[in-house]
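Below is structure-v1.cif, holding mmCIF, C-alpha atoms (C1' of nucleotides).
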```
data_entry
#
loop_
_atom_site.label_atom_id
_atom_site.label_comp_id
_atom_site.auth_asym_id
_atom_site.auth_seq_id
_atom_site.Cartn_x
_atom_site.Cartn_y
_atom_site.Cartn_z
CA MET C 1 103.11 84.30 99.29
CA ARG C 2 104.58 82.56 102.27
CA VAL C 3 104.82 79.01 103.52
CA SER C 4 103.13 78.55 106.89
CA ALA C 5 104.65 76.71 109.81
CA LYS C 6 101.89 74.16 109.46
CA ALA C 7 102.75 73.33 105.86
CA ASP C 8 106.43 73.15 106.65
CA TYR C 9 105.75 70.83 109.60
CA ALA C 10 103.43 68.67 107.52
CA VAL C 11 106.01 68.11 104.80
CA ARG C 12 108.72 67.36 107.33
CA ALA C 13 106.58 64.83 109.15
CA ALA C 14 105.60 63.25 105.86
CA ALA C 15 109.26 62.99 104.93
CA GLU C 16 109.94 61.09 108.14
CA LEU C 17 107.10 58.71 107.36
CA ALA C 18 108.40 58.23 103.85
CA ALA C 19 111.80 57.30 105.21
CA ALA C 20 110.50 54.94 107.88
CA GLU C 21 110.74 51.19 107.60
CA GLU C 22 107.56 49.22 107.17
CA GLY C 23 105.17 49.70 110.11
CA PRO C 24 103.61 52.54 112.08
CA VAL C 25 105.62 55.43 113.52
CA LYS C 26 104.49 57.13 116.72
CA GLY C 27 103.57 60.80 116.63
CA GLU C 28 106.04 61.41 119.40
CA LYS C 29 108.87 60.02 117.35
CA LEU C 30 107.97 62.25 114.41
CA ALA C 31 107.76 65.26 116.69
CA GLU C 32 111.19 64.57 118.11
CA ALA C 33 112.82 63.82 114.80
CA GLN C 34 111.68 67.12 113.34
CA ASP C 35 111.41 69.17 116.50
CA ILE C 36 107.72 69.96 116.15
CA PRO C 37 105.35 70.59 119.11
CA LEU C 38 103.66 67.22 119.58
CA GLN C 39 100.10 68.32 120.13
CA PHE C 40 100.18 70.66 117.18
CA LEU C 41 101.65 67.91 115.05
CA GLU C 42 98.84 65.55 116.00
CA HIS C 43 96.31 67.97 114.60
CA ILE C 44 98.31 68.19 111.41
CA LEU C 45 98.56 64.42 111.11
CA LEU C 46 94.82 64.21 111.56
CA GLU C 47 94.34 66.55 108.63
CA LEU C 48 96.71 64.46 106.56
CA LYS C 49 94.70 61.43 107.53
CA HIS C 50 91.42 63.05 106.49
CA ALA C 51 93.02 63.95 103.19
CA GLY C 52 93.89 60.30 102.67
CA ILE C 53 97.62 60.85 102.69
CA VAL C 54 98.34 59.08 105.95
CA ARG C 55 96.82 56.21 107.90
CA ALA C 56 96.94 55.56 111.59
CA ARG C 57 96.30 52.97 114.24
CA ARG C 58 95.88 53.54 117.96
CA GLY C 59 97.16 51.62 120.92
CA ALA C 60 100.48 50.04 121.68
CA LYS C 61 102.29 49.38 118.41
CA GLY C 62 100.14 52.10 116.91
CA GLY C 63 101.29 55.09 114.92
CA TYR C 64 101.13 56.65 111.49
CA TRP C 65 102.19 55.52 108.04
CA LEU C 66 101.76 56.70 104.46
CA ALA C 67 98.58 55.56 102.75
CA ARG C 68 100.41 55.37 99.41
CA PRO C 69 103.98 54.66 98.40
CA ALA C 70 106.29 57.63 98.91
CA GLU C 71 106.88 57.80 95.16
CA GLU C 72 103.22 58.64 94.66
CA VAL C 73 102.81 61.42 97.19
CA THR C 74 103.87 64.88 96.10
CA ILE C 75 104.66 67.89 98.22
CA ALA C 76 101.70 69.60 96.61
CA ASP C 77 99.43 66.89 98.03
CA VAL C 78 100.71 67.50 101.52
CA VAL C 79 100.60 71.28 101.28
CA ARG C 80 97.06 71.28 99.90
CA ALA C 81 95.92 68.99 102.69
CA VAL C 82 96.85 71.51 105.34
CA GLU C 83 96.79 74.88 103.59
CA GLY C 84 94.09 74.41 101.01
CA PRO C 85 94.38 75.38 97.36
CA ILE C 86 97.68 76.75 96.15
CA ALA C 87 97.96 80.32 94.87
CA HIS C 88 94.44 81.52 95.37
CA VAL C 89 93.98 85.25 94.91
CA GLN C 90 91.72 86.98 97.42
CA SER C 91 90.44 83.50 98.36
CA SER C 92 89.32 82.67 94.81
CA PRO C 93 91.05 80.51 92.25
CA PRO C 94 92.74 82.67 89.60
CA GLU C 95 90.78 81.12 86.74
CA SER C 96 87.55 82.47 88.17
CA ILE C 97 88.60 86.09 88.54
CA GLU C 98 87.81 88.71 85.96
CA TYR C 99 89.93 91.80 85.74
CA ARG C 100 88.93 95.09 84.21
CA GLY C 101 90.66 97.99 82.56
CA ASN C 102 94.39 97.93 82.41
CA ALA C 103 94.66 94.93 84.71
CA GLU C 104 92.99 92.59 82.26
CA HIS C 105 96.05 90.44 81.75
CA LEU C 106 96.72 90.09 85.44
CA GLN C 107 94.71 86.89 85.40
CA GLU C 108 97.26 85.27 83.11
CA VAL C 109 100.01 86.35 85.44
CA TRP C 110 98.40 84.73 88.46
CA ILE C 111 97.72 81.62 86.40
CA ALA C 112 101.39 81.54 85.47
CA VAL C 113 102.32 81.98 89.13
CA ARG C 114 100.24 78.99 90.07
CA ALA C 115 101.59 76.95 87.18
CA SER C 116 105.15 77.73 88.20
CA LEU C 117 104.48 76.68 91.77
CA ARG C 118 102.95 73.48 90.49
CA THR C 119 105.97 72.62 88.41
CA VAL C 120 107.90 72.42 91.63
CA LEU C 121 105.39 71.18 94.17
CA GLU C 122 103.64 68.59 92.04
CA HIS C 123 106.83 67.07 90.72
CA VAL C 124 108.74 66.51 93.91
CA THR C 125 107.59 63.36 95.67
CA LEU C 126 108.31 62.39 99.23
CA ALA C 127 110.65 59.73 97.89
CA ASP C 128 112.56 62.40 95.97
CA LEU C 129 112.73 64.57 99.04
CA VAL C 130 114.10 61.85 101.28
CA SER C 131 116.64 60.62 98.76
CA GLY C 132 117.70 64.12 97.77
CA GLN C 133 117.26 63.17 94.11
CA LEU C 134 115.03 66.04 93.04
CA PRO C 135 113.57 66.13 89.53
CA SER C 136 115.93 67.80 87.10
CA GLU C 137 113.77 70.93 86.55
CA VAL C 138 113.65 71.50 90.27
CA GLU C 139 117.30 70.73 90.72
CA SER C 140 118.25 73.30 88.12
CA LEU C 141 116.08 75.96 89.73
CA ALA C 142 117.78 75.35 93.07
CA ALA C 143 121.20 75.19 91.43
CA GLN C 144 121.25 78.81 90.29
CA PRO C 145 123.41 80.76 92.74
CA ASP C 146 120.93 83.60 92.31
CA ALA C 147 118.18 81.53 93.80
CA TRP C 148 119.98 81.51 97.14
CA VAL C 149 120.22 85.24 97.64
CA ALA C 150 117.52 87.35 99.24
CA ARG C 151 115.97 90.26 97.47
CA MET E 1 100.72 80.31 99.38
CA ARG E 2 98.06 82.79 98.49
CA VAL E 3 97.93 86.26 97.04
CA SER E 4 96.37 88.80 99.41
CA ALA E 5 93.77 91.35 98.39
CA LYS E 6 96.30 94.02 99.16
CA ALA E 7 98.86 92.68 96.73
CA ASP E 8 96.23 92.19 94.06
CA TYR E 9 94.98 95.75 94.55
CA ALA E 10 98.50 97.14 94.50
CA VAL E 11 99.34 95.54 91.18
CA ARG E 12 96.06 96.63 89.64
CA ALA E 13 96.53 100.23 90.76
CA ALA E 14 100.09 100.18 89.48
CA ALA E 15 98.85 98.90 86.14
CA GLU E 16 96.49 101.87 85.88
CA LEU E 17 99.35 104.23 86.65
CA ALA E 18 101.49 102.51 84.04
CA ALA E 19 98.79 103.00 81.45
CA ALA E 20 98.11 106.63 82.31
CA GLU E 21 99.24 109.50 80.16
CA GLU E 22 101.90 111.80 81.50
CA GLY E 23 100.80 113.55 84.72
CA PRO E 24 99.36 112.63 88.10
CA VAL E 25 96.30 110.39 88.51
CA LYS E 26 93.96 110.90 91.45
CA GLY E 27 93.49 108.12 93.96
CA GLU E 28 89.78 108.28 93.39
CA LYS E 29 90.18 107.61 89.70
CA LEU E 30 92.37 104.58 90.39
CA ALA E 31 89.87 103.30 92.92
CA GLU E 32 87.03 103.61 90.44
CA ALA E 33 88.91 102.12 87.54
CA GLN E 34 89.76 99.01 89.51
CA ASP E 35 86.87 98.95 91.94
CA ILE E 36 88.99 99.17 95.07
CA PRO E 37 87.83 100.78 98.35
CA LEU E 38 89.34 104.27 98.17
CA GLN E 39 90.59 104.63 101.71
CA PHE E 40 92.18 101.22 101.69
CA LEU E 41 93.80 102.01 98.37
CA GLU E 42 95.30 105.21 99.76
CA HIS E 43 97.13 103.22 102.41
CA ILE E 44 98.43 100.90 99.75
CA LEU E 45 99.59 103.78 97.57
CA LEU E 46 101.38 105.22 100.55
CA GLU E 47 103.29 101.98 100.97
CA LEU E 48 104.16 102.01 97.29
CA LYS E 49 105.39 105.55 97.73
CA HIS E 50 107.56 104.63 100.70
CA ALA E 51 108.99 101.79 98.63
CA GLY E 52 109.96 104.30 95.95
CA ILE E 53 107.69 102.82 93.31
CA VAL E 54 105.25 105.68 93.14
CA ARG E 55 105.38 109.45 93.64
CA ALA E 56 102.61 111.78 94.63
CA ARG E 57 101.65 115.40 94.86
CA ARG E 58 98.81 116.88 96.90
CA GLY E 59 96.28 119.53 96.09
CA ALA E 60 94.31 120.32 93.00
CA LYS E 61 96.00 118.72 89.98
CA GLY E 62 97.65 116.36 92.43
CA GLY E 63 97.73 112.58 92.26
CA TYR E 64 100.06 109.63 91.85
CA TRP E 65 102.48 108.56 89.14
CA LEU E 66 105.16 105.94 88.69
CA ALA E 67 108.59 106.92 89.95
CA ARG E 68 110.22 104.89 87.18
CA PRO E 69 109.22 103.97 83.65
CA ALA E 70 106.70 101.13 83.50
CA GLU E 71 109.26 98.96 81.71
CA GLU E 72 111.46 99.06 84.78
CA VAL E 73 108.93 98.14 87.44
CA THR E 74 108.21 94.46 87.92
CA ILE E 75 105.27 92.82 89.59
CA ALA E 76 107.70 91.44 92.15
CA ASP E 77 108.64 95.01 93.12
CA VAL E 78 105.02 95.88 93.76
CA VAL E 79 104.20 92.69 95.63
CA ARG E 80 107.26 92.99 97.85
CA ALA E 81 106.38 96.58 98.68
CA VAL E 82 103.08 95.57 100.22
CA GLU E 83 103.54 91.94 101.27
CA GLY E 84 107.19 91.80 102.19
CA PRO E 85 109.60 89.12 101.01
CA ILE E 86 108.31 86.46 98.66
CA ALA E 87 108.16 82.80 99.72
CA HIS E 88 109.42 83.05 103.26
CA VAL E 89 108.98 79.88 105.30
CA GLN E 90 107.77 80.37 108.87
CA SER E 91 108.76 84.02 108.50
CA SER E 92 112.37 83.26 107.62
CA PRO E 93 114.01 83.28 104.22
CA PRO E 94 114.54 79.73 102.96
CA GLU E 95 118.30 80.13 102.61
CA SER E 96 118.61 80.64 106.35
CA ILE E 97 116.73 77.56 107.48
CA GLU E 98 118.45 74.33 108.42
CA TYR E 99 116.56 71.10 108.21
CA ARG E 100 117.36 67.91 110.06
CA GLY E 101 116.88 64.24 109.50
CA ASN E 102 114.93 63.18 106.48
CA ALA E 103 113.81 66.70 105.67
CA GLU E 104 117.33 67.87 104.88
CA HIS E 105 116.62 68.53 101.23
CA LEU E 106 113.47 70.46 101.93
CA GLN E 107 115.51 73.62 101.90
CA GLU E 108 116.32 73.09 98.24
CA VAL E 109 112.66 72.59 97.51
CA TRP E 110 111.66 75.88 99.11
CA ILE E 111 114.52 77.60 97.32
CA ALA E 112 113.21 76.18 94.06
CA VAL E 113 109.72 77.37 94.94
CA ARG E 114 110.99 80.87 95.44
CA ALA E 115 113.05 80.74 92.28
CA SER E 116 110.05 79.61 90.27
CA LEU E 117 107.94 82.43 91.64
CA ARG E 118 110.69 84.85 90.77
CA THR E 119 110.87 83.68 87.19
CA VAL E 120 107.32 84.90 86.81
CA LEU E 121 107.10 87.89 89.12
CA GLU E 122 110.47 89.44 88.39
CA HIS E 123 110.13 89.16 84.65
CA VAL E 124 106.73 90.66 84.10
CA THR E 125 106.89 94.45 84.10
CA LEU E 126 103.98 96.82 84.41
CA ALA E 127 104.46 97.68 80.75
CA ASP E 128 104.15 93.98 79.85
CA LEU E 129 101.05 93.68 81.98
CA VAL E 130 99.29 96.64 80.42
CA SER E 131 100.19 95.69 76.86
CA GLY E 132 99.39 92.03 77.39
CA GLN E 133 102.76 91.11 75.88
CA LEU E 134 104.03 88.84 78.63
CA PRO E 135 107.55 87.45 78.48
CA SER E 136 107.66 84.19 76.55
CA GLU E 137 108.42 81.97 79.57
CA VAL E 138 105.42 83.38 81.37
CA GLU E 139 103.23 83.21 78.29
CA SER E 140 104.02 79.54 77.85
CA LEU E 141 103.23 78.76 81.48
CA ALA E 142 99.85 80.44 81.12
CA ALA E 143 99.24 78.81 77.75
CA GLN E 144 99.11 75.26 79.09
CA PRO E 145 95.44 74.26 79.30
CA ASP E 146 96.36 72.40 82.46
CA ALA E 147 97.32 75.62 84.15
CA TRP E 148 93.71 76.80 84.01
CA VAL E 149 92.15 73.91 85.88
CA ALA E 150 91.81 73.72 89.64
CA ARG E 151 93.29 70.88 91.62
"C1'" DG O 1 91.25 45.59 132.46
"C1'" DC O 2 95.11 48.35 131.67
"C1'" DG O 3 98.29 51.00 129.29
"C1'" DC O 4 99.36 52.97 125.07
"C1'" DT O 5 98.44 55.93 121.25
"C1'" DC O 6 95.55 58.24 118.28
"C1'" DC O 7 91.27 61.30 117.93
"C1'" DT O 8 88.57 65.33 118.73
"C1'" DG O 9 86.76 69.50 120.17
"C1'" DA O 10 87.32 73.50 123.03
"C1'" DC O 11 89.98 77.01 124.05
"C1'" DC O 12 93.47 80.74 123.75
"C1'" DA O 13 96.67 84.70 122.54
"C1'" DA O 14 98.77 87.14 119.06
"C1'" DA O 15 99.04 88.59 114.53
"C1'" DA O 16 97.31 89.51 109.98
"C1'" DA O 17 93.74 90.74 106.76
"C1'" DG O 18 90.76 93.96 105.14
"C1'" DG O 19 88.90 97.73 105.98
"C1'" DT O 20 86.86 102.55 108.04
"C1'" DC O 21 87.27 107.20 110.34
"C1'" DA O 22 88.97 111.60 111.49
"C1'" DG O 23 91.96 115.03 111.06
"C1'" DG O 24 96.25 117.33 109.33
"C1'" DA O 25 99.35 119.17 105.74
"C1'" DA O 26 100.66 120.60 101.21
"C1'" DA O 27 99.46 122.39 96.62
"C1'" DG O 28 96.88 125.05 93.54
"C1'" DT O 29 93.08 128.65 92.64
"C1'" DC O 30 90.51 132.87 93.36
"C1'" DG Y 1 94.84 135.06 102.49
"C1'" DA Y 2 91.01 132.01 102.18
"C1'" DC Y 3 89.31 128.00 100.11
"C1'" DT Y 4 89.29 123.75 97.81
"C1'" DT Y 5 91.45 119.78 96.56
"C1'" DT Y 6 94.07 115.82 97.27
"C1'" DC Y 7 97.43 113.27 99.58
"C1'" DC Y 8 99.25 111.78 104.33
"C1'" DT Y 9 98.94 109.59 108.72
"C1'" DG Y 10 97.61 107.36 112.75
"C1'" DA Y 11 93.96 105.34 115.35
"C1'" DC Y 12 90.58 102.22 115.38
"C1'" DC Y 13 87.67 98.23 114.18
"C1'" DT Y 14 85.98 93.32 113.08
"C1'" DT Y 15 86.90 88.92 111.40
"C1'" DT Y 16 89.99 85.30 110.16
"C1'" DT Y 17 94.26 82.94 110.44
"C1'" DT Y 18 98.18 81.29 112.77
"C1'" DG Y 19 100.28 78.66 115.99
"C1'" DG Y 20 99.59 76.66 119.45
"C1'" DT Y 21 97.75 74.18 124.43
"C1'" DC Y 22 94.44 71.35 127.30
"C1'" DA Y 23 91.34 67.81 128.57
"C1'" DG Y 24 89.10 63.94 127.77
"C1'" DG Y 25 87.43 60.01 124.90
"C1'" DA Y 26 87.93 55.94 121.87
"C1'" DG Y 27 90.14 52.08 119.91
"C1'" DC Y 28 94.00 48.65 120.01
"C1'" DG Y 29 97.08 45.13 122.01
"C1'" DC Y 30 98.36 42.40 125.74
#
```
Turn the structure described in the file into structure tokens.
Amino acid sequence: MRVSAKADYAVRAAAELAAAEEGPVKGEKLAEAQDIPLQFLEHILLELKHAGIVRARRGAKGGYWLARPAEEVTIADVVRAVEGPIAHVQSSPPESIEYRGNAEHLQEVWIAVRASLRTVLEHVTLADLVSGQLPSEVESLAAQPDAWVAR
Amino acid sequence: MRVSAKADYAVRAAAELAAAEEGPVKGEKLAEAQDIPLQFLEHILLELKHAGIVRARRGAKGGYWLARPAEEVTIADVVRAVEGPIAHVQSSPPESIEYRGNAEHLQEVWIAVRASLRTVLEHVTLADLVSGQLPSEVESLAAQPDAWVAR
DNA sequence: GCGCTCCTGACCAAAAAGGTCAGGAAAGTC
DNA sequence: GACTTTCCTGACCTTTTTGGTCAGGAGCGC
């Protein structure tokens, strides 16, 4: 139940692309802006490209840009591109697991876990992230003082 | 963002303990009931014991039982005992991370992610899980047909 | 043709995941 | 007190994941 460095880097780089003016941004610039090891970032950007989230051009004046408008790319899209499916249990999607005995209802719990993650990740777009105008459900989750304390 | 086998096993074993009549339950019985490798399960139960969730006694008539009533143990308690803190980012808690540039608001997003996980994991108790009577917020998350389809 | 920048695969070390094995230490029974 | 049962613990193991680095190739623009 943790967020990997790779996913964190991917979202941060995507945020930089979302905020960029028209035209390609060099990998090096992204790496500097977000303090990410360049060569590692390039692998991440390649995965984002393969997932159809980003486009790229080589050569002078080359760089990366978002394949779609920032309003249409969610954080879930970016995270899935680099980490794979969200909230799998033992490497299987929760809807395909069958529990026995007294754990029968555990499936519903994991489904609910995934659904709750989706309500955040699928509703925040890169445009929201850059502007700081998060959707109201997300805003209110983050607004609870409780949410900021460790347990 | 996945649930490990260990966490899944831990919750399932805890559910069996929650459902058991008064008195200790043998590790072997738990392993059979939930189809978990016995020796692996014993390590997990030991961690649950160290976390104060479970108690144990050795010898004939020995076994494991819940240290607290099943109504007072949440799934979050069990998951934290074996997986550590929920929703850390790059091994740090989200409240302690500072983001720069256009990713500044990413912290709020990760905080919201953690909060949303907590609304499920901290509100479902072992008693809820065994009875199938999940809290209404959780029930309604799992009731959306959408929640059951992969993305 | 030359420099720039992305693209790709190979490689690497450390940690985590998911177990297994062997033996010791308590608790109960005879 | 011996014996059985069951938990307790650490060592060990293999495979995968994580978080990178390195070296070279391929396309683009001038």
For the file shown, what are the residues hit by the PyMOL selection byres ((chain E) within 6 of (chain C)), laid out as an mmCIF file with C-alpha atoms, in the frame of the given file?
```cif
data_model
loop_
_atom_site.group_PDB
_atom_site.id
_atom_site.type_symbol
_atom_site.label_atom_id
_atom_site.label_comp_id
_atom_site.auth_asym_id
_atom_site.auth_seq_id
_atom_site.Cartn_x
_atom_site.Cartn_y
_atom_site.Cartn_z
ATOM 1 C CA MET E 1 100.720 80.310 99.380
ATOM 2 C CA ARG E 2 98.060 82.790 98.490
ATOM 3 C CA VAL E 3 97.930 86.260 97.040
ATOM 4 C CA SER E 4 96.370 88.800 99.410
ATOM 5 C CA ALA E 5 93.770 91.350 98.390
ATOM 6 C CA ARG E 12 96.060 96.630 89.640
ATOM 7 C CA ALA E 15 98.850 98.900 86.140
ATOM 8 C CA GLU E 16 96.490 101.870 85.880
ATOM 9 C CA ILE E 86 108.310 86.460 98.660
ATOM 10 C CA ALA E 87 108.160 82.800 99.720
ATOM 11 C CA HIS E 88 109.420 83.050 103.260
ATOM 12 C CA VAL E 89 108.980 79.880 105.300
ATOM 13 C CA GLN E 90 107.770 80.370 108.870
ATOM 14 C CA GLU E 95 118.300 80.130 102.610
ATOM 15 C CA ASN E 102 114.930 63.180 106.480
ATOM 16 C CA ALA E 103 113.810 66.700 105.670
ATOM 17 C CA HIS E 105 116.620 68.530 101.230
ATOM 18 C CA GLU E 108 116.320 73.090 98.240
ATOM 19 C CA ILE E 111 114.520 77.600 97.320
ATOM 20 C CA ALA E 112 113.210 76.180 94.060
ATOM 21 C CA ALA E 115 113.050 80.740 92.280
ATOM 22 C CA SER E 116 110.050 79.610 90.270
ATOM 23 C CA LEU E 129 101.050 93.680 81.980
ATOM 24 C CA VAL E 130 99.290 96.640 80.420
ATOM 25 C CA GLY E 132 99.390 92.030 77.390
ATOM 26 C CA LEU E 141 103.230 78.760 81.480
ATOM 27 C CA ALA E 142 99.850 80.440 81.120
ATOM 28 C CA ALA E 147 97.320 75.620 84.150
ATOM 29 C CA TRP E 148 93.710 76.800 84.010
#
```
One number please: C1' of DA25 (chain O) to C1' of DC8 (chain Y), in Å, one decimal.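 We find that C1' of DA25 (chain O) and C1' of DC8 (chain Y) lie 7.5 Å from each other.
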Contacts of DG20 (chain Y) within 12 Å, all atoms listed in the file, excl. fewer than 4 positions in-chain, as a ChimeraX atom specification: /C:5-6,36-44 /O:11-14
Pull out every residue of chain E that has at least one atom within 9 Å of chain Y, counting all atoms listed in the file, and report them as a PyMOL selection string. chain E and resi 26-27+42+46+56-64
Selection in question (the file shown): the PyMOL selection byres ((chain O) within 7 of (chain E)). Which residues does it include, as a PyMOL selection string? chain O and resi 19+26-28
Grab the CA of Val25 (chain E) to CA of Glu71 (chain E) distance for me, in Å with one decimal place.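 Those two atoms sit 18.6 Å apart.
Interatomic distance, CA of Arg55 (chain E) against CA of Pro24 (chain E): 8.8 Å.
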